[in-house]
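Contents: one structure, followed by commentary.
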There are 2 protein chains.
Amino acid sequence: MKTLKISEAVVRRLPVYLRHLIELKQREVLTVSSQDLGQKLDLNPAQIRKDLAYFGDFGRKGIGYDVSYLIQQIRHILKLDQIINVGLVGAGKLGHALCNYTVYLKDNMKIVAVFDAMESKIGTDINNLKVQPMSEMITTVRNQHIRIGIITVPAAEAQYVAEQFVEAGVEAILNFAPVILKVPSHVRVHTADFTTDLFSLAYYLTDQGKEVPVQ
Amino acid sequence: MKTLKISEAVVRRLPVYLRHLIELKQREVLTVSSQDLGQKLDLNPAQIRKDLAYFGDFGRKGIGYDVSYLIQQIRHILKLDQIINVGLVGAGKLGHALCNYTVYLKDNMKIVAVFDAMESKIGTDINNLKVQPMSEMITTVRNQHIRIGIITVPAAEAQYVAEQFVEAGVEAILNFAPVILKVPSHVRVHTADFTTDLFSLAYYLTDQGKEVPVQ
DNA sequence: CAATTACTGTTATTAGCATAACAGATGTTC
DNA sequence: GAACATCTGTTATGCTAATAACAGTAATTG
């Protein structure tokens, strides 16, 4: 285990490896080479080897990587062998979708509390969790040892929610609102905004002028 | 307008600029400097100037950028001044959320059709759109001139849906399923998977061992 | 058991992107 | 209207990340 500074690009590929390895394990594949992985994941084999080598010598020359062992190692690197509690603010459709989705996963990461500012939503059930008012957020985050916060509120409220999360002591935030959040540097933020994704995809469309048949 | 190859990193920042500029316009700010923008968006001012300069001389020395003019220009670059119809497959919670969300935007990009494979979902209403069966997908995509496809189905079905989209003639795909899609090179794919986001955030958490108070 | 093949881990090279530096232009102030 | 401040567009520099190359090791085959 080296102590080099690992780039974010590397870290973001690890979950991709993990996902595919789990699939391989389900298909009872025992070992896999960087070339196989590269083909399936559209990545350069050398890059995969280098990524993994940052964290240890997981492979065997002439053979490849033991699937089960590598799964175990990546889960450890990503801290998925710890219990990681997650809190979510914003019980809208997207919030609902995320609650369902992550529960589906067989990992130690779980959404354990949901909050909303709207009176009408408080007390309603999402995936066996009762939606709590914002006033309870800080104490719940502390009591339930919530370490990651997810924000699925409208843009205008996102900064306020982020500040509450920070005050409560969350270590990282996953933000779905289309704004750049300002938080202290010890809190990691990732913004996952699909309008950005959609708009940047539009750039690559072929230019066709403005007239389009509308029925 | 130069014909250099624009990097994806640049393209992905354009929607971020656009969003903030629209906010500035609503607040009746007339001009803005790269420094102001950089401060608000956590970006280097030089980078912003360079990004914009790829596409033209939009700013004025000593002054900055005219907000309205720059909005217009970026919208043009991103082709948001054209009508861009979008189709979505997967009428689950996430699909619902996306339908609501994009409709909210005042842009020419709209989800105009929703499909699902499940019998029980077909015919139901999502945001004034009737969910159609997969069998109608290809003809609808062609008739309605759908150019971007969104995939919000489970991982196992995503590749099949992608192939249908490609056959129907879609130019780009936004994929929310946690798989790497294989499509011809003329179709642009962006995968927006939040398990990847969440898992890579976990990497940055402080190591705390495995014991965690669970109520 | 030598020769061959199939792999990794690591070092070297290339390419791409972000930052810095600066020249040129605009407005403002005294 | 000269001196100064502001801010862009562009060129130069530095750095980070991706790719390629290769040495070393394990299994396999004749």
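Letters A, B, ... mark the chains of the structure tokens in the order given; residue numbers begin at 1 per chain; ligand numbers begin at 1, in order shown.
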
Exercise for review: Pull out every residue of chain C sitting within 8 Å of chain B, counting only C-alpha atoms (C1' of nucleotides), and send them as a list in words.
Suggested key: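 Result: DA18, DT19, DA25, DT26 and DG27 of chain C.
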
Any chance you could export the current selection's N, CA and C atoms (P, O5', C5', C4', C3', O3' and C1' of nucleotides) as a PDB file, in the first residue's frame?
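result27.pdb, freshly written:
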ATOM      1  P    DA C  18      -8.960  21.290 -17.807  1.00  0.00           P
ATOM      2  O5'  DA C  18      -7.924  22.049 -16.873  1.00  0.00           O
ATOM      3  C5'  DA C  18      -7.267  21.324 -15.853  1.00  0.00           C
ATOM      4  C4'  DA C  18      -6.202  22.194 -15.222  1.00  0.00           C
ATOM      5  C3'  DA C  18      -6.695  23.564 -14.772  1.00  0.00           C
ATOM      6  O3'  DA C  18      -6.123  23.840 -13.508  1.00  0.00           O
ATOM      7  C1'  DA C  18      -4.887  23.823 -16.271  1.00  0.00           C
ATOM      8  P    DT C  19      -6.527  25.159 -12.713  1.00  0.00           P
ATOM      9  O5'  DT C  19      -5.239  26.073 -12.866  1.00  0.00           O
ATOM     10  C5'  DT C  19      -3.995  25.615 -12.346  1.00  0.00           C
ATOM     11  C4'  DT C  19      -2.886  26.513 -12.822  1.00  0.00           C
ATOM     12  C3'  DT C  19      -3.066  27.985 -12.448  1.00  0.00           C
ATOM     13  O3'  DT C  19      -1.988  28.318 -11.580  1.00  0.00           O
ATOM     14  C1'  DT C  19      -2.372  27.734 -14.721  1.00  0.00           C
ATOM     15  P    DA C  25      -4.872  46.606 -29.791  1.00  0.00           P
ATOM     16  O5'  DA C  25      -6.176  46.952 -28.976  1.00  0.00           O
ATOM     17  C5'  DA C  25      -7.188  45.951 -28.836  1.00  0.00           C
ATOM     18  C4'  DA C  25      -8.041  46.331 -27.656  1.00  0.00           C
ATOM     19  C3'  DA C  25      -8.625  47.745 -27.718  1.00  0.00           C
ATOM     20  O3'  DA C  25     -10.030  47.635 -27.618  1.00  0.00           O
ATOM     21  C1'  DA C  25      -7.689  47.306 -25.597  1.00  0.00           C
ATOM     22  P    DT C  26     -10.942  48.850 -28.065  1.00  0.00           P
ATOM     23  O5'  DT C  26     -11.664  49.280 -26.715  1.00  0.00           O
ATOM     24  C5'  DT C  26     -12.319  48.293 -25.914  1.00  0.00           C
ATOM     25  C4'  DT C  26     -12.434  48.827 -24.516  1.00  0.00           C
ATOM     26  C3'  DT C  26     -13.022  50.232 -24.424  1.00  0.00           C
ATOM     27  O3'  DT C  26     -14.305  50.144 -23.840  1.00  0.00           O
ATOM     28  C1'  DT C  26     -11.212  49.897 -22.917  1.00  0.00           C
ATOM     29  P    DG C  27     -15.308  51.349 -23.907  1.00  0.00           P
ATOM     30  O5'  DG C  27     -15.100  52.004 -22.469  1.00  0.00           O
ATOM     31  C5'  DG C  27     -15.484  51.268 -21.313  1.00  0.00           C
ATOM     32  C4'  DG C  27     -14.734  51.797 -20.123  1.00  0.00           C
ATOM     33  C3'  DG C  27     -15.140  53.211 -19.680  1.00  0.00           C
ATOM     34  O3'  DG C  27     -15.733  53.131 -18.405  1.00  0.00           O
ATOM     35  C1'  DG C  27     -12.793  52.903 -19.631  1.00  0.00           C
TER      36       DG C  27
END

**Study point:** Residues of chain B within 6 Å of chain A, only C-alpha atoms counted, as a ChimeraX atom specification
**Key:** /B:11-12,15,41,78,82,93-94,97,180,196,200,202-203,210

Exercise for review: Select residues of chain D: the criterion is any atom within 10 Å of an atom of chain B, counting only C-alpha atoms (C1' of nucleotides); output as number ranges by chain.
Suggested key: D: 5-10

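For the residues A:Val161, A:Ile48, A:Ala91, A:Ala155, ranking by smallest atom-to-atom distance to DG9 (chain C) using only C-alpha atoms (C1' of nucleotides) places A:Ile48 first.
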
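For the atom pair formed by CA of Asn175 (chain B) and CA of Gly90 (chain B), the distance is 10.9 Å, given to one decimal.
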
Exercise for review: Mind checking which residues fall within 7 Å of Ala158 (chain A), counting only C-alpha atoms (C1' of nucleotides), ignoring those fewer than 5 positions away in the same chain, and posting them as a PyMOL selection string?
Suggested key: chain A and resi 151+153+177

Practice item. Might you pull out every residue within 12 Å of DA3 (chain C), with only C-alpha atoms (C1' of nucleotides) counted and same-chain residues fewer than 4 positions away left off, and present them as a list in words? Key: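 That gives DT28, DT29 and DG30 of chain D.
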
Please produce an output containing C-alpha atoms (C1' of nucleotides) for each residue in the selection, written as a PDB file, in the first residue's frame.
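Writing done, so here's result-v3.pdb:
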ATOM      1  C1'  DT D  28       1.965 -24.683 -20.524  1.00  0.00           C
ATOM      2  C1'  DT D  29       3.536 -27.454 -24.181  1.00  0.00           C
ATOM      3  C1'  DG D  30       6.347 -30.486 -26.903  1.00  0.00           C
TER       4       DG D  30
END

Exercise for review: Could you tell me, as a list of chain:residue names, which residues of region 92-208 of chain A DSSP assigns to strand (DSSP E or B) when given the backbone?
Suggested key: A:Met109, A:Lys110, A:Ile111, A:Val112, A:Ala113, A:Val114, A:Phe115, A:Asp116, A:Asp125, A:Ile126, A:Leu129, A:Lys130, A:Val131, A:Gln132, A:Pro133, A:Ile146, A:Arg147, A:Ile148, A:Gly149, A:Ile150, A:Ile151, A:Ala172, A:Ile173, A:Leu174, A:Asn175, A:Arg188, A:Val189, A:His190, A:Thr191

Point to revise | d(CA of Lys110 (chain B), CA of Glu136 (chain B)) in Å | key: 19.0 Å

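Going from CA of Gln73 (chain A) to CA of Leu21 (chain A) covers 11.3 Å.
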
Exercise for review: Determine which residues of region 40-137 of chain B DSSP labels as alpha helix (DSSP H) from the backbone of this structure, then write them out as a ChimeraX atom specification.
Suggested key: /B:40-41,45-53,67-77,93-104,137

Exercise for review: Using only C-alpha atoms (C1' of nucleotides), determine which residues lie at most 12 Å from Thr124 (chain B), disregarding the query and same-chain residues fewer than 3 positions distant; provide the list as a PyMOL selection string.
Suggested key: chain B and resi 91-92+96+114-116+118-121+127-133

Just N, CA and C atoms for this one: save the residues we selected as an mmCIF file, in the first residue's frame.
data_model
loop_
_atom_site.group_PDB
_atom_site.id
_atom_site.type_symbol
_atom_site.label_atom_id
_atom_site.label_comp_id
_atom_site.auth_asym_id
_atom_site.auth_seq_id
_atom_site.Cartn_x
_atom_site.Cartn_y
_atom_site.Cartn_z
ATOM 1 N N ALA B 91 -39.910 3.818 -17.006
ATOM 2 C CA ALA B 91 -40.855 4.701 -16.324
ATOM 3 C C ALA B 91 -40.883 4.448 -14.825
ATOM 4 N N GLY B 92 -39.732 4.217 -14.243
ATOM 5 C CA GLY B 92 -39.650 4.042 -12.788
ATOM 6 C C GLY B 92 -39.571 5.383 -12.087
ATOM 7 N N HIS B 96 -39.552 9.109 -13.778
ATOM 8 C CA HIS B 96 -40.511 10.134 -13.348
ATOM 9 C C HIS B 96 -39.797 11.433 -12.983
ATOM 10 N N VAL B 114 -42.126 8.593 -23.545
ATOM 11 C CA VAL B 114 -41.654 7.705 -22.479
ATOM 12 C C VAL B 114 -42.054 6.274 -22.815
ATOM 13 N N PHE B 115 -41.107 5.353 -22.624
ATOM 14 C CA PHE B 115 -41.366 3.942 -22.948
ATOM 15 C C PHE B 115 -41.045 3.064 -21.745
ATOM 16 N N ASP B 116 -41.688 1.910 -21.726
ATOM 17 C CA ASP B 116 -41.353 0.930 -20.697
ATOM 18 C C ASP B 116 -41.718 -0.459 -21.213
ATOM 19 N N MET B 118 -42.599 -2.944 -19.073
ATOM 20 C CA MET B 118 -43.586 -3.581 -18.184
ATOM 21 C C MET B 118 -45.003 -3.291 -18.609
ATOM 22 N N GLU B 119 -45.747 -4.357 -18.758
ATOM 23 C CA GLU B 119 -47.148 -4.269 -19.181
ATOM 24 C C GLU B 119 -47.933 -3.289 -18.295
ATOM 25 N N SER B 120 -47.714 -3.386 -16.987
ATOM 26 C CA SER B 120 -48.516 -2.613 -16.036
ATOM 27 C C SER B 120 -48.277 -1.105 -16.153
ATOM 28 N N LYS B 121 -47.152 -0.725 -16.669
ATOM 29 C CA LYS B 121 -46.848 0.713 -16.750
ATOM 30 C C LYS B 121 -47.391 1.357 -18.018
ATOM 31 N N ASN B 127 -46.455 13.123 -16.437
ATOM 32 C CA ASN B 127 -46.286 14.488 -16.896
ATOM 33 C C ASN B 127 -46.954 14.720 -18.260
ATOM 34 N N ASN B 128 -48.201 14.277 -18.375
ATOM 35 C CA ASN B 128 -48.979 14.449 -19.606
ATOM 36 C C ASN B 128 -48.483 13.624 -20.788
ATOM 37 N N LEU B 129 -47.588 12.685 -20.530
ATOM 38 C CA LEU B 129 -47.174 11.767 -21.600
ATOM 39 C C LEU B 129 -47.667 10.366 -21.252
ATOM 40 N N LYS B 130 -48.206 9.679 -22.235
ATOM 41 C CA LYS B 130 -48.629 8.298 -22.012
ATOM 42 C C LYS B 130 -47.424 7.382 -22.217
ATOM 43 N N VAL B 131 -47.213 6.497 -21.274
ATOM 44 C CA VAL B 131 -46.103 5.544 -21.396
ATOM 45 C C VAL B 131 -46.415 4.563 -22.521
ATOM 46 N N GLN B 132 -45.475 4.427 -23.458
ATOM 47 C CA GLN B 132 -45.674 3.560 -24.613
ATOM 48 C C GLN B 132 -44.904 2.254 -24.450
ATOM 49 N N PRO B 133 -45.363 1.197 -25.116
ATOM 50 C CA PRO B 133 -44.621 -0.072 -25.067
ATOM 51 C C PRO B 133 -43.349 0.020 -25.894
#

**Study point:** Surrounding residues of DG16 (chain C) excluding itself and chain neighbours under 3 positions, 10 Å, only C-alpha atoms (C1' of nucleotides), as a PyMOL selection string
**Key:** (chain B and resi 7) or (chain D and resi 16-18)

Exercise for review: Find the spatial neighbours of Met137 (chain A), counting only C-alpha atoms (C1' of nucleotides), within a cut-off of 9 Å - ignore same-chain residues fewer than 2 positions away - and output them as a PyMOL selection string.
Suggested key: chain A and resi 87+89+113-115+132-135+139-142+164-165+168
